[in-house]
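Everything below belongs to my_file.pdb, which stores PDB, C-alpha atoms, pLDDT in the B column.
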ATOM      1  CA  MET N   1      11.714-220.885 -39.617  1.00 36.00           C
ATOM      2  CA  ASP N   2       8.184-219.659 -38.886  1.00 45.00           C
ATOM      3  CA  GLN N   3       5.736-218.696 -41.640  1.00 45.00           C
ATOM      4  CA  SER N   4       6.243-214.935 -41.159  1.00 45.00           C
ATOM      5  CA  SER N   5      10.037-215.194 -41.471  1.00 43.00           C
ATOM      6  CA  ASN N   6       9.667-217.442 -44.509  1.00 42.00           C
ATOM      7  CA  ILE N   7       7.337-214.942 -46.204  1.00 43.00           C
ATOM      8  CA  LYS N   8       9.732-212.030 -45.523  1.00 44.00           C
ATOM      9  CA  ARG N   9      12.682-214.046 -46.841  1.00 40.00           C
ATOM     10  CA  LEU N  10      10.793-214.798 -50.022  1.00 44.00           C
ATOM     11  CA  LEU N  11       9.606-211.210 -50.370  1.00 49.00           C
ATOM     12  CA  PHE N  12      13.143-209.934 -50.591  1.00 41.00           C
ATOM     13  CA  ALA N  13      14.393-212.820 -52.697  1.00 32.00           C
ATOM     14  CA  GLY N  14      11.698-212.016 -55.225  1.00 33.00           C
ATOM     15  CA  LEU N  15      12.137-208.290 -55.717  1.00 39.00           C
ATOM     16  CA  GLY N  16      13.711-207.095 -58.911  1.00 35.00           C
ATOM     17  CA  ILE N  17      15.190-203.912 -60.283  1.00 36.00           C
ATOM     18  CA  CYS N  18      13.341-200.666 -59.822  1.00 37.00           C
ATOM     19  CA  LEU N  19      14.288-198.523 -62.771  1.00 42.00           C
ATOM     20  CA  THR N  20      12.160-196.232 -64.867  1.00 42.00           C
ATOM     21  CA  ALA N  21      12.741-196.107 -68.591  1.00 42.00           C
ATOM     22  CA  SER N  22      13.472-192.381 -68.385  1.00 43.00           C
ATOM     23  CA  LEU N  23      16.216-192.957 -65.823  1.00 44.00           C
ATOM     24  CA  CYS N  24      17.815-195.658 -67.953  1.00 46.00           C
ATOM     25  CA  GLU N  25      17.708-193.415 -71.017  1.00 42.00           C
ATOM     26  CA  ALA N  26      18.945-190.401 -69.082  1.00 43.00           C
ATOM     27  CA  SER N  27      21.798-192.252 -67.430  1.00 41.00           C
ATOM     28  CA  ALA N  28      22.909-193.779 -70.723  1.00 41.00           C
ATOM     29  CA  GLY N  29      22.205-190.772 -72.941  1.00 39.00           C
ATOM     30  CA  LEU N  30      23.560-188.048 -70.697  1.00 38.00           C
ATOM     31  CA  GLY N  31      26.512-190.000 -69.350  1.00 36.00           C
ATOM     32  CA  ARG N  32      25.447-189.361 -65.779  1.00 59.00           C
ATOM     33  CA  ASP N  33      27.822-191.649 -63.970  1.00 77.00           C
ATOM     34  CA  GLY N  34      26.061-191.293 -60.627  1.00 82.00           C
ATOM     35  CA  ALA N  35      22.626-192.152 -62.027  1.00 87.00           C
ATOM     36  CA  ARG N  36      24.088-195.057 -63.961  1.00 88.00           C
ATOM     37  CA  GLU N  37      25.911-196.351 -60.876  1.00 89.00           C
ATOM     38  CA  CYS N  38      22.699-196.064 -58.866  1.00 90.00           C
ATOM     39  CA  TYR N  39      20.882-198.110 -61.495  1.00 90.00           C
ATOM     40  CA  LEU N  40      23.670-200.695 -61.712  1.00 90.00           C
ATOM     41  CA  ALA N  41      23.594-201.082 -57.928  1.00 90.00           C
ATOM     42  CA  THR N  42      20.040-202.440 -58.223  1.00 89.00           C
ATOM     43  CA  LEU N  43      21.342-205.182 -60.522  1.00 90.00           C
ATOM     44  CA  ARG N  44      24.174-206.373 -58.274  1.00 90.00           C
ATOM     45  CA  ALA N  45      23.752-209.243 -55.864  1.00 91.00           C
ATOM     46  CA  ALA N  46      22.640-208.035 -52.471  1.00 90.00           C
ATOM     47  CA  SER N  47      25.325-207.797 -49.807  1.00 91.00           C
ATOM     48  CA  SER N  48      26.122-205.326 -47.078  1.00 92.00           C
ATOM     49  CA  ASP N  49      29.031-203.876 -49.046  1.00 93.00           C
ATOM     50  CA  THR N  50      27.296-203.605 -52.425  1.00 92.00           C
ATOM     51  CA  ASP N  51      24.118-202.212 -50.877  1.00 93.00           C
ATOM     52  CA  GLN N  52      26.042-199.569 -48.897  1.00 94.00           C
ATOM     53  CA  ALA N  53      27.933-198.594 -52.052  1.00 92.00           C
ATOM     54  CA  GLY N  54      24.685-198.491 -54.042  1.00 92.00           C
ATOM     55  CA  PHE N  55      22.980-196.388 -51.400  1.00 95.00           C
ATOM     56  CA  HIS N  56      25.912-193.975 -51.483  1.00 93.00           C
ATOM     57  CA  ALA N  57      25.867-193.819 -55.310  1.00 92.00           C
ATOM     58  CA  CYS N  58      22.135-193.112 -55.373  1.00 93.00           C
ATOM     59  CA  SER N  59      22.460-190.443 -52.688  1.00 94.00           C
ATOM     60  CA  LEU N  60      25.262-188.699 -54.587  1.00 92.00           C
ATOM     61  CA  ALA N  61      23.286-188.849 -57.828  1.00 92.00           C
ATOM     62  CA  LEU N  62      20.254-187.368 -56.061  1.00 92.00           C
ATOM     63  CA  ASP N  63      22.366-184.448 -54.830  1.00 91.00           C
ATOM     64  CA  GLY N  64      23.025-183.430 -58.435  1.00 85.00           C
ATOM     65  CA  ALA N  65      19.715-184.362 -60.050  1.00 87.00           C
ATOM     66  CA  VAL N  66      17.293-181.550 -60.843  1.00 86.00           C
ATOM     67  CA  ASP N  67      15.031-183.235 -63.422  1.00 89.00           C
ATOM     68  CA  PRO N  68      11.896-184.513 -61.615  1.00 92.00           C
ATOM     69  CA  ASP N  69      11.741-187.735 -63.647  1.00 91.00           C
ATOM     70  CA  MET N  70      15.400-188.438 -62.930  1.00 90.00           C
ATOM     71  CA  ARG N  71      14.898-187.768 -59.218  1.00 93.00           C
ATOM     72  CA  ALA N  72      11.826-190.035 -59.136  1.00 94.00           C
ATOM     73  CA  GLY N  73      13.785-192.897 -60.715  1.00 93.00           C
ATOM     74  CA  LEU N  74      16.781-192.393 -58.440  1.00 94.00           C
ATOM     75  CA  LEU N  75      14.535-192.366 -55.376  1.00 96.00           C
ATOM     76  CA  ALA N  76      12.774-195.549 -56.542  1.00 95.00           C
ATOM     77  CA  ASN N  77      16.152-197.238 -56.994  1.00 95.00           C
ATOM     78  CA  ARG N  78      17.410-196.074 -53.615  1.00 96.00           C
ATOM     79  CA  ALA N  79      14.150-197.319 -52.051  1.00 97.00           C
ATOM     80  CA  TYR N  80      14.862-200.750 -53.526  1.00 96.00           C
ATOM     81  CA  ILE N  81      18.398-200.728 -52.142  1.00 96.00           C
ATOM     82  CA  ARG N  82      17.051-199.696 -48.731  1.00 96.00           C
ATOM     83  CA  LEU N  83      14.583-202.570 -48.946  1.00 96.00           C
ATOM     84  CA  ARG N  84      17.461-204.979 -49.514  1.00 95.00           C
ATOM     85  CA  MET N  85      19.142-203.457 -46.448  1.00 95.00           C
ATOM     86  CA  ALA N  86      15.952-204.118 -44.416  1.00 96.00           C
ATOM     87  CA  ASP N  87      15.558-200.350 -43.834  1.00 97.00           C
ATOM     88  CA  TYR N  88      11.786-200.468 -44.229  1.00 97.00           C
ATOM     89  CA  PRO N  89      10.993-196.948 -42.980  1.00 98.00           C
ATOM     90  CA  GLY N  90      13.696-195.583 -45.323  1.00 97.00           C
ATOM     91  CA  THR N  91      12.236-197.663 -48.163  1.00 97.00           C
ATOM     92  CA  VAL N  92       8.803-196.158 -47.613  1.00 98.00           C
ATOM     93  CA  ALA N  93      10.222-192.626 -47.261  1.00 98.00           C
ATOM     94  CA  ASP N  94      12.154-192.856 -50.547  1.00 97.00           C
ATOM     95  CA  ALA N  95       9.199-194.465 -52.321  1.00 97.00           C
ATOM     96  CA  ASP N  96       6.905-191.704 -51.044  1.00 98.00           C
ATOM     97  CA  ALA N  97       9.347-189.034 -52.245  1.00 97.00           C
ATOM     98  CA  SER N  98       9.506-190.750 -55.638  1.00 96.00           C
ATOM     99  CA  LEU N  99       5.720-190.955 -55.845  1.00 97.00           C
ATOM    100  CA  SER N 100       5.386-187.264 -55.016  1.00 97.00           C
ATOM    101  CA  LEU N 101       7.271-186.624 -58.281  1.00 96.00           C
ATOM    102  CA  ALA N 102       5.804-189.462 -60.371  1.00 95.00           C
ATOM    103  CA  PRO N 103       2.567-190.774 -58.764  1.00 93.00           C
ATOM    104  CA  ASP N 104       2.131-193.638 -61.228  1.00 90.00           C
ATOM    105  CA  LEU N 105       5.678-195.002 -61.080  1.00 93.00           C
ATOM    106  CA  ALA N 106       5.171-198.753 -60.763  1.00 94.00           C
ATOM    107  CA  ALA N 107       8.572-199.413 -59.176  1.00 94.00           C
ATOM    108  CA  ALA N 108       7.986-196.829 -56.436  1.00 96.00           C
ATOM    109  CA  ASN N 109       4.539-198.260 -55.675  1.00 96.00           C
ATOM    110  CA  LEU N 110       5.991-201.771 -55.579  1.00 96.00           C
ATOM    111  CA  ASN N 111       8.794-200.689 -53.245  1.00 96.00           C
ATOM    112  CA  ARG N 112       6.403-198.773 -51.013  1.00 97.00           C
ATOM    113  CA  GLY N 113       4.182-201.828 -50.686  1.00 97.00           C
ATOM    114  CA  ALA N 114       7.138-204.116 -49.996  1.00 97.00           C
ATOM    115  CA  GLY N 115       8.506-201.713 -47.376  1.00 97.00           C
ATOM    116  CA  LEU N 116       5.136-201.622 -45.641  1.00 98.00           C
ATOM    117  CA  ILE N 117       5.024-205.434 -45.687  1.00 97.00           C
ATOM    118  CA  GLY N 118       8.470-205.449 -44.086  1.00 97.00           C
ATOM    119  CA  MET N 119       7.073-203.189 -41.355  1.00 97.00           C
ATOM    120  CA  GLY N 120       4.108-205.528 -40.844  1.00 97.00           C
ATOM    121  CA  ARG N 121       1.661-202.905 -42.173  1.00 98.00           C
ATOM    122  CA  TYR N 122      -0.194-205.250 -44.508  1.00 98.00           C
ATOM    123  CA  GLN N 123      -3.409-203.218 -44.850  1.00 98.00           C
ATOM    124  CA  ASP N 124      -1.409-200.103 -45.734  1.00 98.00           C
ATOM    125  CA  ALA N 125       0.573-202.129 -48.297  1.00 98.00           C
ATOM    126  CA  LEU N 126      -2.490-202.993 -50.378  1.00 98.00           C
ATOM    127  CA  PRO N 127      -3.169-199.604 -52.076  1.00 97.00           C
ATOM    128  CA  PRO N 128       0.356-199.138 -53.484  1.00 97.00           C
ATOM    129  CA  LEU N 129       0.453-202.806 -54.491  1.00 97.00           C
ATOM    130  CA  GLU N 130      -2.919-202.393 -56.258  1.00 96.00           C
ATOM    131  CA  LYS N 131      -1.377-199.467 -58.169  1.00 95.00           C
ATOM    132  CA  ALA N 132       1.708-201.557 -58.929  1.00 95.00           C
ATOM    133  CA  VAL N 133      -0.486-204.353 -60.326  1.00 95.00           C
ATOM    134  CA  ALA N 134      -2.382-201.842 -62.467  1.00 94.00           C
ATOM    135  CA  SER N 135       0.710-200.078 -63.838  1.00 91.00           C
ATOM    136  CA  SER N 136       3.445-202.735 -63.921  1.00 85.00           C
ATOM    137  CA  ASN N 137       4.672-204.924 -66.715  1.00 81.00           C
ATOM    138  CA  GLY N 138       7.322-207.588 -67.136  1.00 76.00           C
ATOM    139  CA  ASP N 139       9.120-208.664 -63.982  1.00 76.00           C
ATOM    140  CA  LYS N 140       7.512-205.941 -61.914  1.00 86.00           C
ATOM    141  CA  LEU N 141       4.029-207.301 -62.639  1.00 93.00           C
ATOM    142  CA  LYS N 142       4.796-210.765 -61.267  1.00 94.00           C
ATOM    143  CA  LEU N 143       6.410-209.114 -58.237  1.00 94.00           C
ATOM    144  CA  ALA N 144       3.403-206.858 -57.724  1.00 96.00           C
ATOM    145  CA  TYR N 145       1.088-209.882 -57.664  1.00 97.00           C
ATOM    146  CA  TYR N 146       3.493-211.795 -55.434  1.00 97.00           C
ATOM    147  CA  ASN N 147       3.785-208.986 -52.894  1.00 97.00           C
ATOM    148  CA  ARG N 148       0.051-208.361 -52.932  1.00 97.00           C
ATOM    149  CA  ALA N 149      -0.416-212.062 -52.212  1.00 97.00           C
ATOM    150  CA  ILE N 150       1.805-211.752 -49.146  1.00 97.00           C
ATOM    151  CA  ALA N 151      -0.220-208.807 -47.843  1.00 97.00           C
ATOM    152  CA  ARG N 152      -3.532-210.539 -48.566  1.00 98.00           C
ATOM    153  CA  GLU N 153      -2.441-213.738 -46.854  1.00 96.00           C
ATOM    154  CA  HIS N 154      -1.408-211.857 -43.717  1.00 97.00           C
ATOM    155  CA  LEU N 155      -4.788-210.128 -43.698  1.00 97.00           C
ATOM    156  CA  GLY N 156      -6.629-213.454 -43.888  1.00 96.00           C
ATOM    157  CA  ASP N 157      -7.650-213.226 -47.553  1.00 96.00           C
ATOM    158  CA  ILE N 158      -6.417-216.729 -48.338  1.00 95.00           C
ATOM    159  CA  ARG N 159      -8.397-217.032 -51.564  1.00 94.00           C
ATOM    160  CA  GLY N 160      -7.080-213.686 -52.866  1.00 96.00           C
ATOM    161  CA  ALA N 161      -3.531-214.633 -51.877  1.00 96.00           C
ATOM    162  CA  TYR N 162      -3.801-217.959 -53.682  1.00 96.00           C
ATOM    163  CA  PHE N 163      -4.986-216.334 -56.913  1.00 96.00           C
ATOM    164  CA  ASP N 164      -2.254-213.679 -56.733  1.00 97.00           C
ATOM    165  CA  TYR N 165       0.467-216.308 -56.231  1.00 97.00           C
ATOM    166  CA  LYS N 166      -1.100-218.250 -59.107  1.00 96.00           C
ATOM    167  CA  LYS N 167      -1.120-215.166 -61.348  1.00 96.00           C
ATOM    168  CA  ALA N 168       2.557-214.527 -60.558  1.00 96.00           C
ATOM    169  CA  THR N 169       3.391-218.068 -61.723  1.00 96.00           C
ATOM    170  CA  GLU N 170       1.247-217.670 -64.838  1.00 96.00           C
ATOM    171  CA  LEU N 171       3.245-214.564 -65.715  1.00 95.00           C
ATOM    172  CA  ASP N 172       6.515-216.408 -65.088  1.00 95.00           C
ATOM    173  CA  PRO N 173       6.225-220.198 -64.750  1.00 95.00           C
ATOM    174  CA  LYS N 174       9.818-220.307 -63.457  1.00 94.00           C
ATOM    175  CA  PHE N 175       9.175-217.831 -60.615  1.00 94.00           C
ATOM    176  CA  ALA N 176      10.180-220.131 -57.767  1.00 95.00           C
ATOM    177  CA  PRO N 177       9.070-218.006 -54.780  1.00 95.00           C
ATOM    178  CA  ALA N 178       5.435-217.976 -55.955  1.00 95.00           C
ATOM    179  CA  GLN N 179       5.581-221.669 -56.896  1.00 95.00           C
ATOM    180  CA  GLU N 180       6.836-222.488 -53.394  1.00 95.00           C
ATOM    181  CA  GLN N 181       3.992-220.532 -51.814  1.00 95.00           C
ATOM    182  CA  LEU N 182       1.394-222.334 -53.925  1.00 95.00           C
ATOM    183  CA  THR N 183       2.525-225.714 -52.567  1.00 94.00           C
ATOM    184  CA  ARG N 184       1.111-224.716 -49.175  1.00 93.00           C
ATOM    185  CA  PHE N 185      -2.461-224.413 -50.497  1.00 91.00           C
ATOM    186  CA  THR N 186      -5.146-227.031 -50.916  1.00 89.00           C
ATOM    187  CA  VAL N 187      -7.826-226.360 -53.516  1.00 84.00           C
ATOM    188  CA  THR N 188     -11.113-228.251 -53.445  1.00 83.00           C
ATOM    189  CA  VAL N 189     -13.633-227.992 -56.259  1.00 80.00           C
ATOM    190  CA  GLY N 190     -17.319-227.984 -55.584  1.00 72.00           C
ATOM    191  CA  ALA N 191     -19.890-225.299 -56.284  1.00 70.00           C
ATOM    192  CA  GLY N 192     -16.888-222.968 -56.496  1.00 64.00           C
ATOM    193  CA  PRO N 193     -13.206-223.420 -55.762  1.00 60.00           C
ATOM    194  CA  ASP N 194     -12.405-223.456 -52.062  1.00 63.00           C
ATOM    195  CA  VAL N 195      -8.846-222.444 -51.264  1.00 66.00           C
ATOM    196  CA  ARG N 196      -7.203-223.272 -47.926  1.00 64.00           C
TER
END
Do you think you could lay out the structure here as structure tokens?
Amino acid sequence: MDQSSNIKRLLFAGLGICLTASLCEASAGLGRDGARECYLATLRAASSDTDQAGFHACSLALDGAVDPDMRAGLLANRAYIRLRMADYPGTVADADASLSLAPDLAAANLNRGAGLIGMGRYQDALPPLEKAVASSNGDKLKLAYYNRAIAREHLGDIRGAYFDYKKATELDPKFAPAQEQLTRFTVTVGAGPDVR
């Protein structure tokens, strides 16, 4: 497997759920079965069948959602499911629609950046990943650093990529994808660290 395929495989293995707190509260508090099913689809193991069912559930929930925050969360979740399906243009489209409703939604920025990475648009991936780093917490923060590292590495910013992979492992020492990436680097110490 070449380096590019390995990076893409790890990108998708590392992505987590993309749910806003308001969507979780709304789907639990209002009993919205469609919104809840859309959210639950992001938690299920990726497969063609579960992703198709999740995409369908999110689409149905979107048809009935009028609250902008609910729509933003549903779109972010559907973007994540599209990402798992390797539908990168669809990922970016759903993330963009989500961001038009909630510009600071970390999950939508993370998904947008990951979709752009999947399309090989590494320079375009940096701004949404920068926003994801600035606004994420928990699992999303390690994923934001990890994805930004992938974009930076493809753009030739080896030092920046190294420190982003390192930050992802500092946030979660058991985060295997970032640990695996770090094993490829050699760090030499002199006047300042040199990363290769």
query: By how many Å are CA of Gly73 in chain N and CA of Tyr146 in chain N apart?
result: 22.2 Å
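With all atoms listed in the file as the atoms that count, the residue of N:Ala161, N:Ala41, N:Ala97, N:Ala108 with the shortest distance to Lys131 in chain N is N:Ala108.
With all atoms listed in the file as the atoms that count, the residue of N:Tyr165, N:Tyr88, N:Arg82, N:Leu171 with the shortest distance to Thr183 in chain N is N:Tyr165.
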field: All residues 8 Å or closer to Ala76 in chain N, only C-alpha atoms, same chain fewer than 4 positions away omitted, as a list in words
entry: Cys18, Leu19, Ala72, Tyr80, Asp94, Ala95, Ser98, Ala107, Ala108 and Asn111 of chain N
- prompt: Using the chain letters and numbers from the file, which residues does the PyMOL selection byres ((chain N and resi 109) around 12) grab, as a PyMOL selection string?
  reply: chain N and resi 18+72-73+75-77+79-80+91-100+102-108+110-116+124-136+140-141+143-144+147-148
- request: Choose the residue, out of N:Leu74, N:Ala178, N:Met119, N:Ala168, that has the smallest atom-to-atom separation from Gly90 in chain N; count only C-alpha atoms.
  value: N:Met119
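Among the candidates N:Pro89, N:Ala46, N:Tyr145, N:Ala35, the one nearest to Asp63 in chain N when counting all atoms listed in the file is N:Ala35.
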- request: Record the distance separating CA of Ile158 in chain N and CA of Arg84 in chain N, expressed in Å with one decimal.
  value: 26.6 Å
message: One decimal, in Å: what's the spacing between CA of Glu170 in chain N and CA of Lys142 in chain N?
response: 8.5 Å
message: For the PyMOL selection byres ((chain N and resi 53) around 12), applied here, can you spell out every residue it catches as a ChimeraX atom specification?
response: /N:34,37-42,44,46-52,54-60,78,81-82,85
Could the residues in this selection be written to a file with C-alpha atoms, as an mmCIF file, keeping the file's coordinate frame?
data_model
loop_
_atom_site.group_PDB
_atom_site.id
_atom_site.type_symbol
_atom_site.label_atom_id
_atom_site.label_comp_id
_atom_site.auth_asym_id
_atom_site.auth_seq_id
_atom_site.Cartn_x
_atom_site.Cartn_y
_atom_site.Cartn_z
ATOM 1 C CA GLY N 34 26.061 -191.293 -60.627
ATOM 2 C CA GLU N 37 25.911 -196.351 -60.876
ATOM 3 C CA CYS N 38 22.699 -196.064 -58.866
ATOM 4 C CA TYR N 39 20.882 -198.110 -61.495
ATOM 5 C CA LEU N 40 23.670 -200.695 -61.712
ATOM 6 C CA ALA N 41 23.594 -201.082 -57.928
ATOM 7 C CA THR N 42 20.040 -202.440 -58.223
ATOM 8 C CA ARG N 44 24.174 -206.373 -58.274
ATOM 9 C CA ALA N 46 22.640 -208.035 -52.471
ATOM 10 C CA SER N 47 25.325 -207.797 -49.807
ATOM 11 C CA SER N 48 26.122 -205.326 -47.078
ATOM 12 C CA ASP N 49 29.031 -203.876 -49.046
ATOM 13 C CA THR N 50 27.296 -203.605 -52.425
ATOM 14 C CA ASP N 51 24.118 -202.212 -50.877
ATOM 15 C CA GLN N 52 26.042 -199.569 -48.897
ATOM 16 C CA GLY N 54 24.685 -198.491 -54.042
ATOM 17 C CA PHE N 55 22.980 -196.388 -51.400
ATOM 18 C CA HIS N 56 25.912 -193.975 -51.483
ATOM 19 C CA ALA N 57 25.867 -193.819 -55.310
ATOM 20 C CA CYS N 58 22.135 -193.112 -55.373
ATOM 21 C CA SER N 59 22.460 -190.443 -52.688
ATOM 22 C CA LEU N 60 25.262 -188.699 -54.587
ATOM 23 C CA ARG N 78 17.410 -196.074 -53.615
ATOM 24 C CA ILE N 81 18.398 -200.728 -52.142
ATOM 25 C CA ARG N 82 17.051 -199.696 -48.731
ATOM 26 C CA MET N 85 19.142 -203.457 -46.448
#
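Proximity ranking of N:Ala86, N:Leu43, N:Asp157, N:Leu101 relative to Asp69 in chain N places N:Leu101 first, based on only C-alpha atoms.
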